[in-house]
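Novice: What follows is input-v8.cif, mmCIF, C-alpha atoms and all ligand atoms.
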data_work
loop_
_atom_site.group_PDB
_atom_site.id
_atom_site.type_symbol
_atom_site.label_atom_id
_atom_site.label_comp_id
_atom_site.auth_asym_id
_atom_site.auth_seq_id
_atom_site.Cartn_x
_atom_site.Cartn_y
_atom_site.Cartn_z
ATOM 1 C CA MET W 23 -67.659 -19.042 100.959
ATOM 2 C CA LYS W 24 -65.590 -20.423 103.823
ATOM 3 C CA LEU W 25 -66.734 -18.087 106.572
ATOM 4 C CA ASP W 26 -66.749 -20.535 109.504
ATOM 5 C CA PRO W 27 -63.178 -19.782 110.706
ATOM 6 C CA PHE W 28 -64.078 -16.075 110.867
ATOM 7 C CA TYR W 29 -66.971 -16.452 113.287
ATOM 8 C CA ASP W 30 -64.589 -17.289 116.156
ATOM 9 C CA LEU W 31 -62.266 -14.326 115.578
ATOM 10 C CA ASP W 32 -62.254 -11.241 117.826
ATOM 11 C CA VAL W 33 -61.850 -8.875 114.865
ATOM 12 C CA VAL W 34 -63.058 -9.312 111.290
ATOM 13 C CA LEU W 35 -61.993 -6.624 108.806
ATOM 14 C CA VAL W 36 -64.241 -6.482 105.728
ATOM 15 C CA CYS W 37 -62.614 -4.358 103.044
ATOM 16 C CA GLY W 38 -62.898 -3.470 99.363
ATOM 17 C CA LEU W 39 -63.672 -0.571 97.048
ATOM 18 C CA PRO W 40 -66.608 1.768 97.739
ATOM 19 C CA ALA W 41 -69.854 0.011 96.699
ATOM 20 C CA SER W 42 -68.096 -3.369 96.522
ATOM 21 C CA GLY W 43 -70.809 -4.595 98.916
ATOM 22 C CA LYS W 44 -69.028 -4.464 102.311
ATOM 23 C CA SER W 45 -71.952 -3.199 104.386
ATOM 24 C CA HIS W 46 -74.445 -5.477 102.605
ATOM 25 C CA PHE W 47 -72.146 -8.491 103.083
ATOM 26 C CA SER W 48 -71.365 -7.639 106.713
ATOM 27 C CA ARG W 49 -75.030 -7.297 107.647
ATOM 28 C CA GLY W 50 -75.889 -10.518 105.832
ATOM 29 C CA TYR W 51 -73.176 -12.740 107.300
ATOM 30 C CA PHE W 52 -71.863 -11.163 110.516
ATOM 31 C CA ASN W 53 -74.856 -9.627 112.246
ATOM 32 C CA ARG W 54 -74.837 -12.542 114.687
ATOM 33 C CA ASP W 55 -73.430 -13.681 118.039
ATOM 34 C CA GLY W 56 -73.575 -10.094 119.341
ATOM 35 C CA ARG W 57 -70.696 -8.970 117.108
ATOM 36 C CA LYS W 58 -70.413 -5.147 116.991
ATOM 37 C CA ARG W 59 -69.857 -3.208 113.774
ATOM 38 C CA VAL W 60 -67.459 -0.269 113.500
ATOM 39 C CA ASN W 61 -67.686 1.935 110.400
ATOM 40 C CA ARG W 62 -65.877 5.191 109.626
ATOM 41 C CA LYS W 63 -68.695 6.537 107.489
ATOM 42 C CA GLU W 64 -71.060 6.374 110.476
ATOM 43 C CA ILE W 65 -68.452 8.161 112.634
ATOM 44 C CA ARG W 66 -68.156 10.926 109.988
ATOM 45 C CA ARG W 67 -71.927 11.208 109.900
ATOM 46 C CA SER W 68 -72.260 11.411 113.702
ATOM 47 C CA LEU W 69 -69.468 13.978 114.088
ATOM 48 C CA HIS W 70 -70.912 16.179 111.366
ATOM 49 C CA GLN W 71 -74.474 16.064 112.696
ATOM 50 C CA MET W 72 -73.350 16.706 116.246
ATOM 51 C CA THR W 73 -71.083 19.649 115.480
ATOM 52 C CA THR W 74 -73.529 21.341 113.077
ATOM 53 C CA PHE W 75 -76.520 21.167 115.431
ATOM 54 C CA GLY W 76 -78.154 18.414 113.405
ATOM 55 C CA GLU W 77 -77.354 19.096 109.756
ATOM 56 C CA ALA W 78 -77.676 15.858 107.778
ATOM 57 C CA TRP W 79 -74.422 14.375 106.428
ATOM 58 C CA ASN W 80 -73.819 13.027 102.950
ATOM 59 C CA GLU W 81 -70.771 11.995 100.888
ATOM 60 C CA ALA W 82 -70.553 15.457 99.294
ATOM 61 C CA LEU W 83 -69.616 16.849 102.750
ATOM 62 C CA PHE W 84 -66.565 14.563 103.059
ATOM 63 C CA ASP W 85 -63.691 16.641 104.453
ATOM 64 C CA SER W 86 -60.248 15.046 104.561
ATOM 65 C CA GLY W 87 -59.365 17.479 107.373
ATOM 66 C CA ASP W 88 -61.688 15.512 109.678
ATOM 67 C CA GLU W 89 -60.071 12.142 108.994
ATOM 68 C CA GLY W 90 -57.504 12.360 111.809
ATOM 69 C CA LEU W 91 -60.310 12.729 114.344
ATOM 70 C CA VAL W 92 -62.410 10.059 112.617
ATOM 71 C CA LYS W 93 -59.534 7.562 112.855
ATOM 72 C CA HIS W 94 -58.882 8.503 116.487
ATOM 73 C CA VAL W 95 -62.540 7.943 117.433
ATOM 74 C CA GLU W 96 -62.609 4.680 115.478
ATOM 75 C CA ARG W 97 -59.553 3.441 117.348
ATOM 76 C CA ARG W 98 -60.987 4.347 120.748
ATOM 77 C CA ILE W 99 -64.272 2.576 119.959
ATOM 78 C CA LEU W 100 -62.411 -0.487 118.746
ATOM 79 C CA GLU W 101 -60.191 -0.624 121.835
ATOM 80 C CA HIS W 102 -63.163 -0.058 124.129
ATOM 81 C CA LEU W 103 -65.154 -2.901 122.582
ATOM 82 C CA LEU W 104 -62.195 -5.292 122.586
ATOM 83 C CA HIS W 105 -61.371 -4.441 126.221
ATOM 84 C CA GLY W 106 -64.952 -5.387 127.046
ATOM 85 C CA GLY W 107 -64.409 -8.782 125.432
ATOM 86 C CA GLN W 108 -66.689 -8.108 122.486
ATOM 87 C CA LYS W 109 -66.284 -9.353 118.951
ATOM 88 C CA VAL W 110 -65.988 -6.621 116.339
ATOM 89 C CA LEU W 111 -66.457 -6.256 112.599
ATOM 90 C CA ILE W 112 -64.657 -3.349 110.934
ATOM 91 C CA ASP W 113 -66.399 -2.293 107.721
ATOM 92 C CA ASN W 114 -63.919 -0.056 105.920
ATOM 93 C CA THR W 115 -62.407 0.279 102.438
ATOM 94 C CA SER W 116 -58.810 -0.450 103.648
ATOM 95 C CA VAL W 117 -57.612 -1.372 100.168
ATOM 96 C CA THR W 118 -53.898 -0.872 100.909
ATOM 97 C CA VAL W 119 -51.482 -2.776 103.137
ATOM 98 C CA ALA W 120 -50.719 0.441 105.039
ATOM 99 C CA SER W 121 -54.392 1.113 105.784
ATOM 100 C CA ARG W 122 -54.811 -2.397 107.245
ATOM 101 C CA LYS W 123 -51.644 -2.330 109.335
ATOM 102 C CA SER W 124 -53.034 -0.352 112.278
ATOM 103 C CA TYR W 125 -55.854 -2.878 112.732
ATOM 104 C CA VAL W 126 -53.372 -5.755 112.888
ATOM 105 C CA GLN W 127 -51.249 -3.785 115.373
ATOM 106 C CA ILE W 128 -54.209 -3.014 117.660
ATOM 107 C CA ALA W 129 -55.302 -6.662 117.638
ATOM 108 C CA ARG W 130 -51.769 -7.903 118.355
ATOM 109 C CA GLN W 131 -51.215 -5.395 121.179
ATOM 110 C CA MET W 132 -54.464 -6.530 122.785
ATOM 111 C CA HIS W 133 -53.785 -10.248 122.189
ATOM 112 C CA LYS W 134 -56.862 -10.563 119.997
ATOM 113 C CA SER W 135 -57.344 -12.632 116.835
ATOM 114 C CA ILE W 136 -57.992 -10.842 113.540
ATOM 115 C CA GLY W 137 -59.000 -11.892 110.039
ATOM 116 C CA VAL W 138 -59.526 -10.056 106.772
ATOM 117 C CA ILE W 139 -62.174 -10.573 104.102
ATOM 118 C CA PHE W 140 -61.522 -8.668 100.882
ATOM 119 C CA LEU W 141 -64.422 -8.110 98.495
ATOM 120 C CA ASN W 142 -62.642 -8.054 95.148
ATOM 121 C CA THR W 143 -65.780 -6.960 93.301
ATOM 122 C CA PRO W 144 -64.948 -5.807 89.731
ATOM 123 C CA LEU W 145 -64.455 -2.041 89.384
ATOM 124 C CA LYS W 146 -67.244 -1.862 86.794
ATOM 125 C CA THR W 147 -69.735 -3.426 89.212
ATOM 126 C CA CYS W 148 -68.692 -1.022 92.000
ATOM 127 C CA ILE W 149 -69.195 1.978 89.714
ATOM 128 C CA GLN W 150 -72.604 0.676 88.598
ATOM 129 C CA ARG W 151 -73.772 0.056 92.173
ATOM 130 C CA ASN W 152 -72.385 3.404 93.315
ATOM 131 C CA SER W 153 -74.335 5.280 90.636
ATOM 132 C CA GLY W 154 -77.563 3.810 91.994
ATOM 133 C CA ARG W 155 -77.037 5.320 95.438
ATOM 134 C CA ASP W 156 -78.687 8.507 96.673
ATOM 135 C CA PHE W 157 -75.304 10.088 97.414
ATOM 136 C CA PRO W 158 -72.691 8.436 95.199
ATOM 137 C CA VAL W 159 -68.984 8.658 95.900
ATOM 138 C CA PRO W 160 -67.290 10.442 92.918
ATOM 139 C CA ASP W 161 -66.354 7.777 90.325
ATOM 140 C CA VAL W 162 -62.821 9.163 90.231
ATOM 141 C CA ALA W 163 -62.426 8.312 93.941
ATOM 142 C CA ILE W 164 -63.302 4.673 93.216
ATOM 143 C CA VAL W 165 -60.969 4.526 90.206
ATOM 144 C CA ASN W 166 -58.097 6.057 92.218
ATOM 145 C CA LEU W 167 -58.595 3.558 95.035
ATOM 146 C CA SER W 168 -58.694 0.685 92.531
ATOM 147 C CA VAL W 169 -55.304 1.783 91.188
ATOM 148 C CA SER W 170 -53.766 1.789 94.677
ATOM 149 C CA GLN W 171 -55.545 -1.437 95.694
ATOM 150 C CA GLN W 172 -53.357 -4.165 97.223
ATOM 151 C CA ILE W 173 -55.107 -7.479 97.776
ATOM 152 C CA PRO W 174 -54.308 -8.855 101.260
ATOM 153 C CA ARG W 175 -51.656 -11.555 101.387
ATOM 154 C CA SER W 176 -50.387 -13.871 104.101
ATOM 155 C CA GLY W 177 -47.518 -12.062 105.800
ATOM 156 C CA GLU W 178 -49.637 -9.020 106.670
ATOM 157 C CA GLY W 179 -50.305 -10.647 110.035
ATOM 158 C CA PHE W 180 -53.924 -11.772 109.768
ATOM 159 C CA ASP W 181 -54.966 -15.083 111.331
ATOM 160 C CA GLU W 182 -57.445 -15.734 108.529
ATOM 161 C CA LEU W 183 -57.629 -14.343 105.011
ATOM 162 C CA LEU W 184 -60.381 -14.669 102.406
ATOM 163 C CA ILE W 185 -60.654 -13.008 99.003
ATOM 164 C CA ILE W 186 -64.135 -13.001 97.490
ATOM 165 C CA GLY W 187 -63.998 -12.477 93.727
ATOM 166 C CA GLU W 188 -67.633 -11.725 92.982
ATOM 167 C CA TYR W 189 -70.053 -10.594 95.633
HETATM 168 N N1 LIG W 201 -74.216 -8.904 96.163
HETATM 169 C C1 LIG W 201 -74.923 -7.832 95.794
HETATM 170 N N2 LIG W 201 -75.782 -7.917 94.768
HETATM 171 C C2 LIG W 201 -76.492 -6.850 94.377
HETATM 172 N N3 LIG W 201 -76.429 -5.631 94.939
HETATM 173 C C3 LIG W 201 -75.579 -5.486 95.970
HETATM 174 C C4 LIG W 201 -74.795 -6.568 96.433
HETATM 175 N N4 LIG W 201 -74.028 -6.108 97.460
HETATM 176 C C5 LIG W 201 -74.345 -4.821 97.606
HETATM 177 N N5 LIG W 201 -75.290 -4.441 96.736
HETATM 178 C C6 LIG W 201 -75.847 -3.086 96.599
HETATM 179 O O1 LIG W 201 -74.807 -2.248 96.131
HETATM 180 C C7 LIG W 201 -74.802 -1.015 96.837
HETATM 181 C C8 LIG W 201 -73.475 -0.861 97.547
HETATM 182 O O2 LIG W 201 -73.362 -1.861 98.551
HETATM 183 P P1 LIG W 201 -72.757 -1.505 99.983
HETATM 184 O O3 LIG W 201 -72.848 -2.749 100.798
HETATM 185 O O4 LIG W 201 -73.405 -0.289 100.531
HETATM 186 O O5 LIG W 201 -71.244 -1.202 99.562
HETATM 187 P P2 LIG W 201 -70.029 -0.692 100.461
HETATM 188 O O6 LIG W 201 -70.441 -0.840 101.895
HETATM 189 O O7 LIG W 201 -68.879 -1.584 100.064
HETATM 190 O O8 LIG W 201 -69.780 0.724 100.051
HETATM 191 C C9 LIG W 201 -75.997 -1.051 97.777
HETATM 192 O O9 LIG W 201 -77.072 -0.405 97.160
HETATM 193 C C10 LIG W 201 -76.273 -2.529 97.945
HETATM 194 O O10 LIG W 201 -77.616 -2.781 98.240
HETATM 195 MG MG MG W 202 -70.692 0.666 103.366
#
I need this file expressed as structure tokens, please.
Ligand SMILES: Nc1ncnc2c1ncn2[C@@H]1O[C@H](COP(=O)(O)OP(=O)(O)O)[C@@H](O)[C@H]1O
Ligand SMILES: [Mg+2]

Specialist:
Amino acid sequence: MKLDPFYDLDVVLVCGLPASGKSHFSRGYFNRDGRKRVNRKEIRRSLHQMTTFGEAWNEALFDSGDEGLVKHVERRILEHLLHGGQKVLIDNTSVTVASRKSYVQIARQMHKSIGVIFLNTPLKTCIQRNSGRDFPVPDVAIVNLSVSQQIPRSGEGFDELLIIGEY
């Protein structure tokens, strides 16, 4: 894996289907040099626990009505960290061009470099790994995302691009 060019970037977006291995990969290769991780699932979890006086969050409590706020908070955290000169890793599914666009725009507006790493783990492997989790995502959600999946290409505006076939 040619990861060296990514270590210098301000923003690294690690994307792929649920259970493709994003969080495992990110922790293994990018928990270094003080880089900060931003993850929507953790924002969902924090918002839910805070607003319910401490009730634990799990995937079954996913509410699409909260996603506007989740994205807003994610953006503010990202901007805050980048303003402070920190390097950031975004760990998010972002399987479509449209879902990656806002990250490229934020980086460009702030004159920061950004790269994308796409974990193109086979659907079957994702479904297998997902089923082994305590709180699996519904299989249908993974299948639907795999249908809409668009592998990143040059022209989307990233400074570096890496597709990992099997992780
Ligand atoms: N390369 C790998 N080999 C074996 N198991 C893996 C690998 N990557 C991730 N896993 C396991 O698969 C599950 C999903 O990985 P995770 O990193 O949480 O996926 P994601 O963050 O993409 O949803 C976890 O239980 C994790 O430990
Ligand atoms: Mg994860």

Novice: With the cut-off set at 12 Å and counting all atoms listed in the file, tabulate each residue of chain W with an atom at most that distance from an atom of ligand MG 202 (chain W), showing the nearest atom pair and its distance in Å to one decimal, ordered by chain and increasing number, as a Markdown table.

Specialist:
| residue | atom | partner | partner_atom | distance |
| --- | --- | --- | --- | --- |
| W:Val36 | CA | W:MG202 | MG | 9.9 |
| W:Cys37 | CA | W:MG202 | MG | 9.5 |
| W:Gly38 | CA | W:MG202 | MG | 9.7 |
| W:Leu39 | CA | W:MG202 | MG | 9.5 |
| W:Pro40 | CA | W:MG202 | MG | 7.0 |
| W:Ala41 | CA | W:MG202 | MG | 6.8 |
| W:Ser42 | CA | W:MG202 | MG | 8.4 |
| W:Gly43 | CA | W:MG202 | MG | 6.9 |
| W:Lys44 | CA | W:MG202 | MG | 5.5 |
| W:Ser45 | CA | W:MG202 | MG | 4.2 |
| W:His46 | CA | W:MG202 | MG | 7.2 |
| W:Phe47 | CA | W:MG202 | MG | 9.3 |
| W:Ser48 | CA | W:MG202 | MG | 9.0 |
| W:Arg49 | CA | W:MG202 | MG | 10.0 |
| W:Arg59 | CA | W:MG202 | MG | 11.1 |
| W:Val60 | CA | W:MG202 | MG | 10.7 |
| W:Asn61 | CA | W:MG202 | MG | 7.8 |
| W:Arg62 | CA | W:MG202 | MG | 9.1 |
| W:Lys63 | CA | W:MG202 | MG | 7.4 |
| W:Glu64 | CA | W:MG202 | MG | 9.1 |
| W:Glu81 | CA | W:MG202 | MG | 11.6 |
| W:Ile112 | CA | W:MG202 | MG | 10.5 |
| W:Asp113 | CA | W:MG202 | MG | 6.8 |
| W:Asn114 | CA | W:MG202 | MG | 7.3 |
| W:Thr115 | CA | W:MG202 | MG | 8.3 |
| W:Ser116 | CA | W:MG202 | MG | 11.9 |
| W:Leu141 | CA | W:MG202 | MG | 11.8 |
| W:Cys148 | CA | W:MG202 | MG | 11.7 |
| W:Arg151 | CA | W:MG202 | MG | 11.6 |
| W:Asn152 | CA | W:MG202 | MG | 10.6 |
| W:Arg155 | CA | W:MG202 | MG | 11.2 |
| W:Pro158 | CA | W:MG202 | MG | 11.4 |
| W:Val159 | CA | W:MG202 | MG | 11.1 |

Novice: Can you list, as number ranges by chain, every protein, DNA or RNA residue that comes within 12 Å of Asp26 of chain W when you count all atoms listed in the file, leaving out same-chain residues fewer than 3 positions away?

Specialist: W: 23, 29-31, 34, 51-52, 137, 182-184

Novice: Any chance you can output those residues with C-alpha atoms as a PDB file, keeping the file's coordinate frame?

Specialist:
ATOM      1  CA  MET W  23     -67.659 -19.042 100.959  1.00  0.00           C
ATOM      2  CA  TYR W  29     -66.971 -16.452 113.287  1.00  0.00           C
ATOM      3  CA  ASP W  30     -64.589 -17.289 116.156  1.00  0.00           C
ATOM      4  CA  LEU W  31     -62.266 -14.326 115.578  1.00  0.00           C
ATOM      5  CA  VAL W  34     -63.058  -9.312 111.290  1.00  0.00           C
ATOM      6  CA  TYR W  51     -73.176 -12.740 107.300  1.00  0.00           C
ATOM      7  CA  PHE W  52     -71.863 -11.163 110.516  1.00  0.00           C
ATOM      8  CA  GLY W 137     -59.000 -11.892 110.039  1.00  0.00           C
ATOM      9  CA  GLU W 182     -57.445 -15.734 108.529  1.00  0.00           C
ATOM     10  CA  LEU W 183     -57.629 -14.343 105.011  1.00  0.00           C
ATOM     11  CA  LEU W 184     -60.381 -14.669 102.406  1.00  0.00           C
TER      12      LEU W 184
END

Novice: List the spatial neighbours of Asn142 of chain W as a PDB file with C-alpha atoms, in the coordinates of the input - criterion: any atom at most 7 Å away, all atoms listed in the file, same-chain residues fewer than 5 positions off excluded.

Specialist:
ATOM      1  CA  GLY W  38     -62.898  -3.470  99.363  1.00  0.00           C
ATOM      2  CA  ILE W 185     -60.654 -13.008  99.003  1.00  0.00           C
ATOM      3  CA  ILE W 186     -64.135 -13.001  97.490  1.00  0.00           C
ATOM      4  CA  GLY W 187     -63.998 -12.477  93.727  1.00  0.00           C
ATOM      5  CA  GLU W 188     -67.633 -11.725  92.982  1.00  0.00           C
TER       6      GLU W 188
END

Novice: Of the candidates W:Phe75, W:Phe180, W:Ser124, W:Ala82, which one gets nearest to His94 of chain W if we count only C-alpha atoms?

Specialist: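 Distance minimum relative to His94 of chain W lands on W:Ser124.
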
Novice: Return the single residue from W:Asp161, W:Thr73, W:Pro27, W:Val138 that is closest to Val119 of chain W, with distances computed using all atoms listed in the file.

Specialist: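 Among the listed residues, W:Val138 lies closest to Val119 of chain W.
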
Novice: Which of these residues is nearest to ligand LIG 201 (chain W), using all atoms listed in the file: W:Ser176, W:Ser170, W:Thr147, W:Val162?

Specialist: W:Thr147

Novice: Need the axis-aligned box for segment 85-90 of chain W with 8 Å each side, so what are the centre and edges in Å to one decimal, as JSON?

Specialist:
{"center_x": -60.6, "center_y": 14.8, "center_z": 108.1, "size_x": 22.2, "size_y": 21.3, "size_z": 23.4}

Novice: Apply the PyMOL selection byres (((chain W and resi 83) around 12) and not hetatm) to the displayed file and report the matching residues as a list in words.

Specialist: Lys63, Arg66, Arg67, Leu69, His70, Gln71, Thr74, Glu77, Ala78, Trp79, Asn80, Glu81, Ala82, Phe84, Asp85, Ser86, Gly87, Asp88, Phe157, Pro158, Val159 and Pro160 of chain W

Novice: So the first atom is atom CA of Gln108 of chain W and the second is atom CA of Arg57 of chain W; what is the distance between them in Å, to one decimal place?

Specialist: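 These atoms are spaced 6.8 Å apart.
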
Novice: Measuring atom to atom with all atoms listed in the file, identify which of W:Leu167, W:Leu35, W:Thr143, W:Ile173 is nearest to ligand LIG 201 (chain W).

Specialist: W:Thr143

Novice: List the residues selected by the PyMOL selection byres (((chain W and resi 56) around 9) and not hetatm) in the file shown, writing them as a CSV table (one decimal) with C-alpha atoms, in the frame of the given file.

Specialist:
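Contents of part.csv, freshly written:
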chain,number,residue,atom,x,y,z
W,53,ASN,CA,-74.9,-9.6,112.2
W,54,ARG,CA,-74.8,-12.5,114.7
W,55,ASP,CA,-73.4,-13.7,118.0
W,57,ARG,CA,-70.7,-9.0,117.1
W,58,LYS,CA,-70.4,-5.1,117.0
W,108,GLN,CA,-66.7,-8.1,122.5
W,109,LYS,CA,-66.3,-9.4,119.0
W,110,VAL,CA,-66.0,-6.6,116.3

Novice: One number please: atom N4 of ligand LIG 201 (chain W) to atom CA of Ile149 of chain W, in Å, one decimal.

Specialist: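 Here the two named atoms are 12.2 Å from each other.
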
Novice: Taking the block above, write segment 132-168 of chain W with C-alpha atoms as a compact mmCIF listing (two decimals), in the first residue's frame.

Specialist:
# COMPACT_ATOMS: atom_id res chain seq x y z
CA MET W 132 -9.46 26.53 3.69
CA HIS W 133 -6.46 26.02 1.37
CA LYS W 134 -5.82 22.57 2.80
CA SER W 135 -4.66 19.41 1.00
CA ILE W 136 -7.00 16.41 0.86
CA GLY W 137 -6.70 12.79 -0.24
CA VAL W 138 -9.10 9.88 -0.45
CA ILE W 139 -8.54 6.21 0.35
CA PHE W 140 -11.37 3.93 -0.77
CA LEU W 141 -11.63 0.48 0.80
CA ASN W 142 -13.16 -1.51 -2.04
CA THR W 143 -13.68 -4.57 0.16
CA PRO W 144 -15.98 -7.13 -1.56
CA LEU W 145 -19.65 -6.84 -0.57
CA LYS W 146 -19.66 -10.45 0.66
CA THR W 147 -16.79 -9.74 3.07
CA CYS W 148 -18.53 -6.60 4.38
CA ILE W 149 -21.73 -8.55 5.05
CA GLN W 150 -19.79 -11.33 6.80
CA ARG W 151 -17.87 -8.88 9.01
CA ASN W 152 -21.03 -6.90 9.73
CA SER W 153 -22.86 -10.02 10.94
CA GLY W 154 -20.14 -10.59 13.53
CA ARG W 155 -20.72 -7.22 15.18
CA ASP W 156 -22.76 -6.68 18.33
CA PHE W 157 -25.05 -4.22 16.56
CA PRO W 158 -24.98 -4.98 12.83
CA VAL W 159 -26.15 -2.50 10.22
CA PRO W 160 -29.13 -4.07 8.31
CA ASP W 161 -27.72 -6.08 5.37
CA VAL W 162 -30.11 -4.28 3.04
CA ALA W 163 -28.43 -0.96 3.95
CA ILE W 164 -25.05 -2.35 2.86
CA VAL W 165 -26.48 -3.80 -0.36
CA ASN W 166 -28.22 -0.49 -1.20
CA LEU W 167 -25.01 1.46 -0.63
CA SER W 168 -23.06 -1.01 -2.78
